[in-house]
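A.B. asks: Below is one structure. I have some questions about it.
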Amino acid sequence: MSLQAAWSYPTATRFGAGRIKELSAVCGAHGVRHPLIVTDPGLAGHEMIAAALNDLEEAGLSPALFSAIQGNPVGANVEAGLAAYRAGRHDGVVAFGGGSALDAGKAIAFMSGQTRPLWDFEDREDWWTRADASGIAPVIAVPTTAGTGSEMGRAAVITDERDHTKKIIFHPKMLPVEVICDPQLTCALPANITAATGMDALSHSLEAYSSRIWHPMSQGIALEAMRLVHRWLPEAVKDGENVAARARMMAASSMGAVAFQKGLGAMHAMSHPCSSLCGTHHGLTNAVVMPYVLLHNRRAIAYKIDALARYLDLPRQDFAGFLDWVVELRQKIGIPATLAEIGVTSDLIPRLAAMALEDPSNGGNPVEMDQGAYETLFQKAIDGDLS
């Protein structure tokens with residue numbers, strides 16, 4: 001079975017091993033002659049970035065590199081990237097890396113032709129209409145992890161340093177004009193990052209599938225993405241050079257991001273403030289809180305999870321069987337069981353709960369949440385209470 005493909009939903013995508021070699025052609029197709037490659041500091045010195053820069057230069061393009069972004073990008077990172085973009089007179093962005101690099105790259109390209117501050121475009125009401133659409137530079141996305149699916153999204157998650165909250169900056173034209181999904185680029189990921197990002201992909205599809213918002217197309221995409229995670233995430237963690245497993249997980253990641261147009265829920269609403277206040281890895285935090293949120297939402301989603309368990313052909317094909325699989329998968333791939341193990345402490349619970357309640361993801365949760373419900377959930381996730 002060939003794992004080479006060309007997709008156009010939701011944007012043009014070149015999928016397959018080795019397709020990073022087509023980066024210069026993709027830039028040329030979109031009129032990008034002076035691309036700013038936006039990546040993270042850990043990847044900036046990697047040979048894949050050096051090879052991409054070399055290939056672009058050999059094609060007669062004039063690329064530059066920007067990597068001054070952190071794991072959960074903040075507004076100052078976007079401002080620094082914007083200064084580099086304008087100083088270099090760039091005409092497009094190649095967002096190259098994991099979710100942080102992709103989000104930062106999309107935000108830089110979005111802001112390149114705006115005159116208002118970044119936070120004026122937060123995803124509220126119709127704030128996106130404030131933007132000058134003609135001033136949004138094209139983005140070419142090259143994901144190097146299989147988790148966030150940011151390459152398929154029309155938004156960027158950026159932390160506002162003023163109140164330490166993650167905010168969603170949205171505009172339809174933030175969607176990358178083209179994506180290169182090359183699973184070989186993910187082979188360099190260590191097992192623990194493969195596990196955390198893979199669980200992030202699962203959380204996207206699981207929360208979209210469970211959301212009370214009606215969107216049957218996303219529902220079907222979420223279901224198949226979870227089948228891919230069920231079959232291939234353990235393989236990708238066990239053998240990082242298994243390109244077949246890496247390809248399926250990269251597809252599942254992109255699919256999860258398409259699916260969560262339907263909405264997310266309490267997993268993400270809890271994860272975002274943990275990342276903002278405690279610096280936890282986003283995908284890892286989603287993985288830790290997953291079973292606690294599932295149990296909390298059980299009364300509203302049991303019938304959906306029963307169907308999911310049957311689709312995955314689990315030994316026990318009901319809610320309890322699916323919950324058992326999630327817990328066993330976490331143990332198998334090295335995910336901690338509690339928030340306490342990743343540095344989240346009980347004294348933060350009131351603040352975390354308040355931030356979760358205000359998080360945009362909260363609105364998609366299948367069970368109505370309040371401050372007390374989030375406080376209980378955070379305490380259970382810290383203590384490891386799966387009762």
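The chains in the structure tokens are called A, B, ... from first to last as shown; in each chain the residues are counted from 1, and the ligands are counted from 1 in the order shown.
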Give me, as an MDAnalysis selection string, all polymer residues having an atom no more than 7 Å from Pro176 in chain A, counting only C-alpha atoms and skipping those fewer than 3 positions away in the same chain.

C.D. replies: chainID A and resid 138:141 151 179

A.B. asks: Keeping only N, CA, C and O atoms, write the selected residues to a file as a compact mmCIF listing (two decimals), in the first residue's frame.

C.D. replies:
```
# COMPACT_ATOMS: atom_id res chain seq x y z
N PRO A 138 1.63 34.30 3.06
CA PRO A 138 1.38 32.87 2.91
C PRO A 138 2.26 32.04 3.86
O PRO A 138 3.40 32.39 4.13
N VAL A 139 1.68 30.97 4.37
CA VAL A 139 2.38 30.04 5.25
C VAL A 139 2.47 28.68 4.58
O VAL A 139 1.46 28.15 4.08
N ILE A 140 3.66 28.11 4.57
CA ILE A 140 3.87 26.72 4.17
C ILE A 140 4.25 25.97 5.44
O ILE A 140 5.18 26.37 6.15
N ALA A 141 3.50 24.94 5.78
CA ALA A 141 3.69 24.24 7.05
C ALA A 141 4.40 22.91 6.84
O ALA A 141 4.04 22.14 5.94
N GLU A 151 -0.81 22.26 11.40
CA GLU A 151 -0.68 22.50 9.96
C GLU A 151 -2.03 22.56 9.25
O GLU A 151 -2.12 23.08 8.14
N VAL A 179 0.92 22.23 2.71
CA VAL A 179 1.53 21.48 3.81
C VAL A 179 2.38 20.36 3.22
O VAL A 179 1.98 19.71 2.25
```

A.B. asks: Could you give me, as number ranges by chain, each residue of range 278-373 of chain A that DSSP assigns to helix (DSSP H, G or I) when run on this structure's backbone?

C.D. replies: A: 278, 282-296, 298-311, 319-333, 340-342, 346-358, 360-364, 371-373

A.B. asks: Find the spatial neighbours of range 155-159 of chain A, counting only C-alpha atoms, within a cut-off of 6 Å - ignore same-chain residues fewer than 3 positions away - and output them as JSON, numbers by chain.

C.D. replies: {"A": [73, 74, 103, 165, 166, 167, 168, 169, 170]}

A.B. asks: For range 10-13 of chain A, work out the shell of residues within 9 Å, counting only C-alpha atoms and skipping chain neighbours fewer than 6 positions away, then give it as a PyMOL selection string.

C.D. replies: chain A and resi 152-153+175-181+258

A.B. asks: Taking only C-alpha atoms into account, name the residue in A:Ile37, A:Ala146, A:Ala266, A:Leu339 that is nearest to Glu358 in chain A.

C.D. replies: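 Among the listed residues, A:Ala266 lies closest to Glu358 in chain A.
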
A.B. asks: Would you write out, as a Markdown table, a table of all residues in range 291-359 of chain A that have an atom no more than 10 Å from an atom of range 232-240 of chain A, listing for each the closest atom pair and the distance in Å to one decimal, considering only C-alpha atoms and ordering rows by chain and rising residue number?

C.D. replies:
```
| residue | atom | partner | partner_atom | distance |
| --- | --- | --- | --- | --- |
| A:Leu329 | CA | A:Pro234 | CA | 7.8 |
| A:Arg330 | CA | A:Pro234 | CA | 9.9 |
| A:Lys332 | CA | A:Pro234 | CA | 7.8 |
| A:Ile333 | CA | A:Pro234 | CA | 6.8 |
| A:Gly334 | CA | A:Val237 | CA | 9.5 |
```

A.B. asks: Deliver the residues from the most recent selection as a file, using N, CA, C and O atoms, as an mmCIF file, in the first residue's frame.

C.D. replies:
```cif
data_model
loop_
_atom_site.group_PDB
_atom_site.id
_atom_site.type_symbol
_atom_site.label_atom_id
_atom_site.label_comp_id
_atom_site.auth_asym_id
_atom_site.auth_seq_id
_atom_site.Cartn_x
_atom_site.Cartn_y
_atom_site.Cartn_z
ATOM 1 N N LEU A 329 -2.821 2.020 27.753
ATOM 2 C CA LEU A 329 -1.966 2.659 26.748
ATOM 3 C C LEU A 329 -1.020 3.644 27.417
ATOM 4 O O LEU A 329 0.182 3.669 27.104
ATOM 5 N N ARG A 330 -1.526 4.449 28.336
ATOM 6 C CA ARG A 330 -0.660 5.407 29.036
ATOM 7 C C ARG A 330 0.477 4.688 29.746
ATOM 8 O O ARG A 330 1.635 5.119 29.688
ATOM 9 N N LYS A 332 1.726 1.754 29.047
ATOM 10 C CA LYS A 332 2.596 1.089 28.073
ATOM 11 C C LYS A 332 3.593 2.044 27.444
ATOM 12 O O LYS A 332 4.752 1.669 27.184
ATOM 13 N N ILE A 333 3.182 3.293 27.198
ATOM 14 C CA ILE A 333 4.057 4.226 26.487
ATOM 15 C C ILE A 333 4.711 5.250 27.421
ATOM 16 O O ILE A 333 5.339 6.191 26.965
ATOM 17 N N GLY A 334 4.541 5.060 28.728
ATOM 18 C CA GLY A 334 5.289 5.869 29.687
ATOM 19 C C GLY A 334 4.681 7.207 30.047
ATOM 20 O O GLY A 334 5.410 8.142 30.409
#
```

A.B. asks: With distances taken over only C-alpha atoms, which residue among A:Arg298, A:Phe66, A:Pro273, A:Ser210 lies nearest Ala354 in chain A?

C.D. replies: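 Nearest candidate to Ala354 in chain A out of A:Arg298, A:Phe66, A:Pro273, A:Ser210: A:Pro273.
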
A.B. asks: Please list as a PDB file with N, CA and C atoms, in the first residue's frame every residue within 7 Å of Ala208 in chain A, counting only C-alpha atoms and excluding residues in the same chain fewer than 2 positions away.

C.D. replies:
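Now in result.pdb:
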```
ATOM      1  N   HIS A 204      -7.382  15.206  20.677  1.00  0.00           N
ATOM      2  CA  HIS A 204      -8.114  16.049  19.732  1.00  0.00           C
ATOM      3  C   HIS A 204      -9.311  15.307  19.155  1.00  0.00           C
ATOM      4  N   SER A 205      -9.080  14.098  18.691  1.00  0.00           N
ATOM      5  CA  SER A 205     -10.167  13.335  18.081  1.00  0.00           C
ATOM      6  C   SER A 205     -11.184  12.872  19.122  1.00  0.00           C
ATOM      7  N   LEU A 206     -10.706  12.470  20.290  1.00  0.00           N
ATOM      8  CA  LEU A 206     -11.614  11.989  21.331  1.00  0.00           C
ATOM      9  C   LEU A 206     -12.525  13.109  21.831  1.00  0.00           C
ATOM     10  N   SER A 210     -16.560  13.428  21.231  1.00  0.00           N
ATOM     11  CA  SER A 210     -17.431  13.503  22.408  1.00  0.00           C
ATOM     12  C   SER A 210     -18.208  14.809  22.495  1.00  0.00           C
ATOM     13  N   SER A 211     -17.772  15.824  21.763  1.00  0.00           N
ATOM     14  CA  SER A 211     -18.381  17.149  21.867  1.00  0.00           C
ATOM     15  C   SER A 211     -19.874  17.112  21.559  1.00  0.00           C
ATOM     16  N   ALA A 222     -12.834  11.953  13.158  1.00  0.00           N
ATOM     17  CA  ALA A 222     -12.321  11.668  14.500  1.00  0.00           C
ATOM     18  C   ALA A 222     -12.279  10.172  14.760  1.00  0.00           C
ATOM     19  N   ALA A 259     -10.831  17.375  12.720  1.00  0.00           N
ATOM     20  CA  ALA A 259     -12.004  16.957  13.494  1.00  0.00           C
ATOM     21  C   ALA A 259     -12.383  17.977  14.556  1.00  0.00           C
ATOM     22  N   PHE A 260     -11.377  18.591  15.193  1.00  0.00           N
ATOM     23  CA  PHE A 260     -11.758  19.434  16.330  1.00  0.00           C
ATOM     24  C   PHE A 260     -12.297  20.808  15.920  1.00  0.00           C
ATOM     25  N   LYS A 262     -15.124  20.701  15.276  1.00  0.00           N
ATOM     26  CA  LYS A 262     -16.389  20.382  15.951  1.00  0.00           C
ATOM     27  C   LYS A 262     -16.394  20.862  17.400  1.00  0.00           C
ATOM     28  N   GLY A 263     -15.221  21.069  17.958  1.00  0.00           N
ATOM     29  CA  GLY A 263     -15.125  21.495  19.346  1.00  0.00           C
ATOM     30  C   GLY A 263     -14.196  20.591  20.133  1.00  0.00           C
ATOM     31  N   LEU A 264     -13.745  21.087  21.277  1.00  0.00           N
ATOM     32  CA  LEU A 264     -12.897  20.300  22.169  1.00  0.00           C
ATOM     33  C   LEU A 264     -13.645  20.139  23.491  1.00  0.00           C
TER      34      LEU A 264
END
```

A.B. asks: Would you work out the distance separating CA of Pro183 in chain A from CA of Met250 in chain A, expressed in Å to one decimal?

C.D. replies: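 Interatomic distance here is 6.4 Å.
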
A.B. asks: Which residues come within 12 Å of Arg351 in chain A, counting only C-alpha atoms, excluding same-chain residues fewer than 5 positions away, as a ChimeraX atom specification?

C.D. replies: /A:163-165,270,273-274,276-278,344-346,356-358,371-372,374-375,378

A.B. asks: Closest to Ala337 in chain A among A:Ala137, A:Met290, A:Val38, A:Ala87, using only C-alpha atoms?

C.D. replies: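 Between A:Ala137, A:Met290, A:Val38, A:Ala87, the residue approaching Ala337 in chain A most closely is A:Met290.
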
A.B. asks: As a list in words, please: every residue in range 120-262 of chain A that DSSP puts in strand (DSSP E or B).

C.D. replies: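 These are the residues in question: Glu122, Val139, Ile140, Ala141, Val142, Pro143, Ala155, Ala156, Val157, Ile158, Thr159, Asp160, Thr165, Lys166, Lys167, Ile168, Ile169, Phe170, Glu178, Val179, Ile180 and Cys181 of chain A.
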
A.B. asks: Which one of A:Glu47, A:Glu368, A:Glu22, A:Asp55 sits closest to Asp182 in chain A if you count only C-alpha atoms?

C.D. replies: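 Among A:Glu47, A:Glu368, A:Glu22, A:Asp55, it is A:Glu22 that comes nearest to Asp182 in chain A.
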
A.B. asks: Measuring atom to atom with only C-alpha atoms, identify which of A:Ala107, A:Leu185, A:Leu295, A:Met226 is nearest to Ser203 in chain A.

C.D. replies: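 Checking each of A:Ala107, A:Leu185, A:Leu295, A:Met226 against Ser203 in chain A, counting only C-alpha atoms, the winner is A:Met226.
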
A.B. asks: So which residues touch Ala247 in chain A within 9 Å, counting only C-alpha atoms, skipping near sequence neighbours fewer than 4 positions away, as a PyMOL selection string?

C.D. replies: chain A and resi 3+15-17+146+181-184+186+242-243+251-252

A.B. asks: Next, dump the selected residues to file, keeping only all heavy atoms, as an mmCIF file, in the first residue's frame.

C.D. replies:
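result34.cif was written with the following content:
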```cif
data_model
loop_
_atom_site.group_PDB
_atom_site.id
_atom_site.type_symbol
_atom_site.label_atom_id
_atom_site.label_comp_id
_atom_site.auth_asym_id
_atom_site.auth_seq_id
_atom_site.Cartn_x
_atom_site.Cartn_y
_atom_site.Cartn_z
ATOM 1 N N LEU A 3 2.122 4.928 0.622
ATOM 2 C CA LEU A 3 1.861 5.980 1.596
ATOM 3 C C LEU A 3 2.288 7.332 1.036
ATOM 4 O O LEU A 3 2.763 8.201 1.746
ATOM 5 C CB LEU A 3 2.581 5.674 2.913
ATOM 6 C CG LEU A 3 2.075 4.438 3.657
ATOM 7 C CD1 LEU A 3 2.873 4.211 4.927
ATOM 8 C CD2 LEU A 3 0.597 4.563 3.981
ATOM 9 N N PHE A 15 1.819 14.483 0.990
ATOM 10 C CA PHE A 15 2.030 13.503 2.061
ATOM 11 C C PHE A 15 2.912 12.370 1.564
ATOM 12 O O PHE A 15 2.665 11.775 0.535
ATOM 13 C CB PHE A 15 0.679 12.938 2.518
ATOM 14 C CG PHE A 15 0.761 12.094 3.765
ATOM 15 C CD1 PHE A 15 0.402 12.627 4.992
ATOM 16 C CD2 PHE A 15 1.202 10.783 3.715
ATOM 17 C CE1 PHE A 15 0.480 11.863 6.148
ATOM 18 C CE2 PHE A 15 1.292 10.010 4.860
ATOM 19 C CZ PHE A 15 0.930 10.545 6.086
ATOM 20 N N GLY A 16 3.964 12.062 2.338
ATOM 21 C CA GLY A 16 4.783 10.904 2.024
ATOM 22 C C GLY A 16 6.233 11.092 2.410
ATOM 23 O O GLY A 16 6.734 12.214 2.528
ATOM 24 N N ALA A 17 6.906 9.977 2.616
ATOM 25 C CA ALA A 17 8.314 10.008 2.997
ATOM 26 C C ALA A 17 9.155 10.655 1.912
ATOM 27 O O ALA A 17 8.989 10.382 0.723
ATOM 28 C CB ALA A 17 8.805 8.585 3.275
ATOM 29 N N ALA A 146 3.823 14.425 15.377
ATOM 30 C CA ALA A 146 2.498 13.917 15.039
ATOM 31 C C ALA A 146 1.622 14.086 16.269
ATOM 32 O O ALA A 146 1.466 13.153 17.061
ATOM 33 C CB ALA A 146 2.568 12.459 14.592
ATOM 34 N N CYS A 181 3.714 16.943 4.615
ATOM 35 C CA CYS A 181 3.700 15.949 5.694
ATOM 36 C C CYS A 181 4.658 14.833 5.309
ATOM 37 O O CYS A 181 4.304 13.914 4.562
ATOM 38 C CB CYS A 181 2.295 15.393 5.898
ATOM 39 S SG CYS A 181 1.177 16.453 6.818
ATOM 40 N N ASP A 182 5.872 14.913 5.813
ATOM 41 C CA ASP A 182 6.902 13.920 5.541
ATOM 42 C C ASP A 182 7.165 13.137 6.820
ATOM 43 O O ASP A 182 7.813 13.642 7.741
ATOM 44 C CB ASP A 182 8.182 14.616 5.070
ATOM 45 C CG ASP A 182 9.274 13.635 4.658
ATOM 46 O OD1 ASP A 182 9.222 12.468 5.083
ATOM 47 O OD2 ASP A 182 10.195 14.050 3.924
ATOM 48 N N PRO A 183 6.664 11.907 6.927
ATOM 49 C CA PRO A 183 6.808 11.165 8.179
ATOM 50 C C PRO A 183 8.253 10.881 8.575
ATOM 51 O O PRO A 183 8.541 10.656 9.754
ATOM 52 C CB PRO A 183 6.028 9.871 7.929
ATOM 53 C CG PRO A 183 5.924 9.750 6.446
ATOM 54 C CD PRO A 183 5.892 11.153 5.923
ATOM 55 N N GLN A 184 9.164 10.924 7.614
ATOM 56 C CA GLN A 184 10.570 10.705 7.968
ATOM 57 C C GLN A 184 11.097 11.790 8.901
ATOM 58 O O GLN A 184 12.021 11.539 9.678
ATOM 59 C CB GLN A 184 11.431 10.629 6.700
ATOM 60 C CG GLN A 184 11.258 9.323 5.942
ATOM 61 C CD GLN A 184 12.181 9.217 4.752
ATOM 62 O OE1 GLN A 184 12.535 10.227 4.128
ATOM 63 N NE2 GLN A 184 12.583 8.003 4.411
ATOM 64 N N THR A 186 9.687 12.905 11.432
ATOM 65 C CA THR A 186 9.326 12.587 12.813
ATOM 66 C C THR A 186 10.144 11.450 13.397
ATOM 67 O O THR A 186 10.041 11.166 14.591
ATOM 68 C CB THR A 186 7.830 12.227 12.927
ATOM 69 O OG1 THR A 186 7.580 10.977 12.280
ATOM 70 C CG2 THR A 186 6.954 13.300 12.301
ATOM 71 N N ASN A 242 10.197 3.220 12.403
ATOM 72 C CA ASN A 242 9.117 2.560 11.679
ATOM 73 C C ASN A 242 8.330 3.627 10.910
ATOM 74 O O ASN A 242 7.426 4.256 11.442
ATOM 75 C CB ASN A 242 8.211 1.812 12.673
ATOM 76 C CG ASN A 242 7.117 1.013 11.985
ATOM 77 O OD1 ASN A 242 6.703 1.318 10.877
ATOM 78 N ND2 ASN A 242 6.641 -0.022 12.665
ATOM 79 N N VAL A 243 8.691 3.813 9.653
ATOM 80 C CA VAL A 243 8.101 4.892 8.865
ATOM 81 C C VAL A 243 6.618 4.640 8.608
ATOM 82 O O VAL A 243 5.822 5.591 8.538
ATOM 83 C CB VAL A 243 8.864 5.086 7.536
ATOM 84 C CG1 VAL A 243 8.214 6.165 6.678
ATOM 85 C CG2 VAL A 243 10.318 5.461 7.818
ATOM 86 N N ALA A 251 -0.813 11.149 9.828
ATOM 87 C CA ALA A 251 -2.157 11.293 9.278
ATOM 88 C C ALA A 251 -3.180 11.488 10.397
ATOM 89 O O ALA A 251 -4.062 12.355 10.311
ATOM 90 C CB ALA A 251 -2.520 10.069 8.438
ATOM 91 N N ALA A 252 -3.047 10.705 11.467
ATOM 92 C CA ALA A 252 -3.981 10.819 12.596
ATOM 93 C C ALA A 252 -3.906 12.199 13.235
ATOM 94 O O ALA A 252 -4.925 12.765 13.663
ATOM 95 C CB ALA A 252 -3.681 9.743 13.636
#
```

A.B. asks: CA of Leu56 in chain A and CA of Gly31 in chain A, how far apart in Å?

C.D. replies: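 These atoms are spaced 13.3 Å apart.
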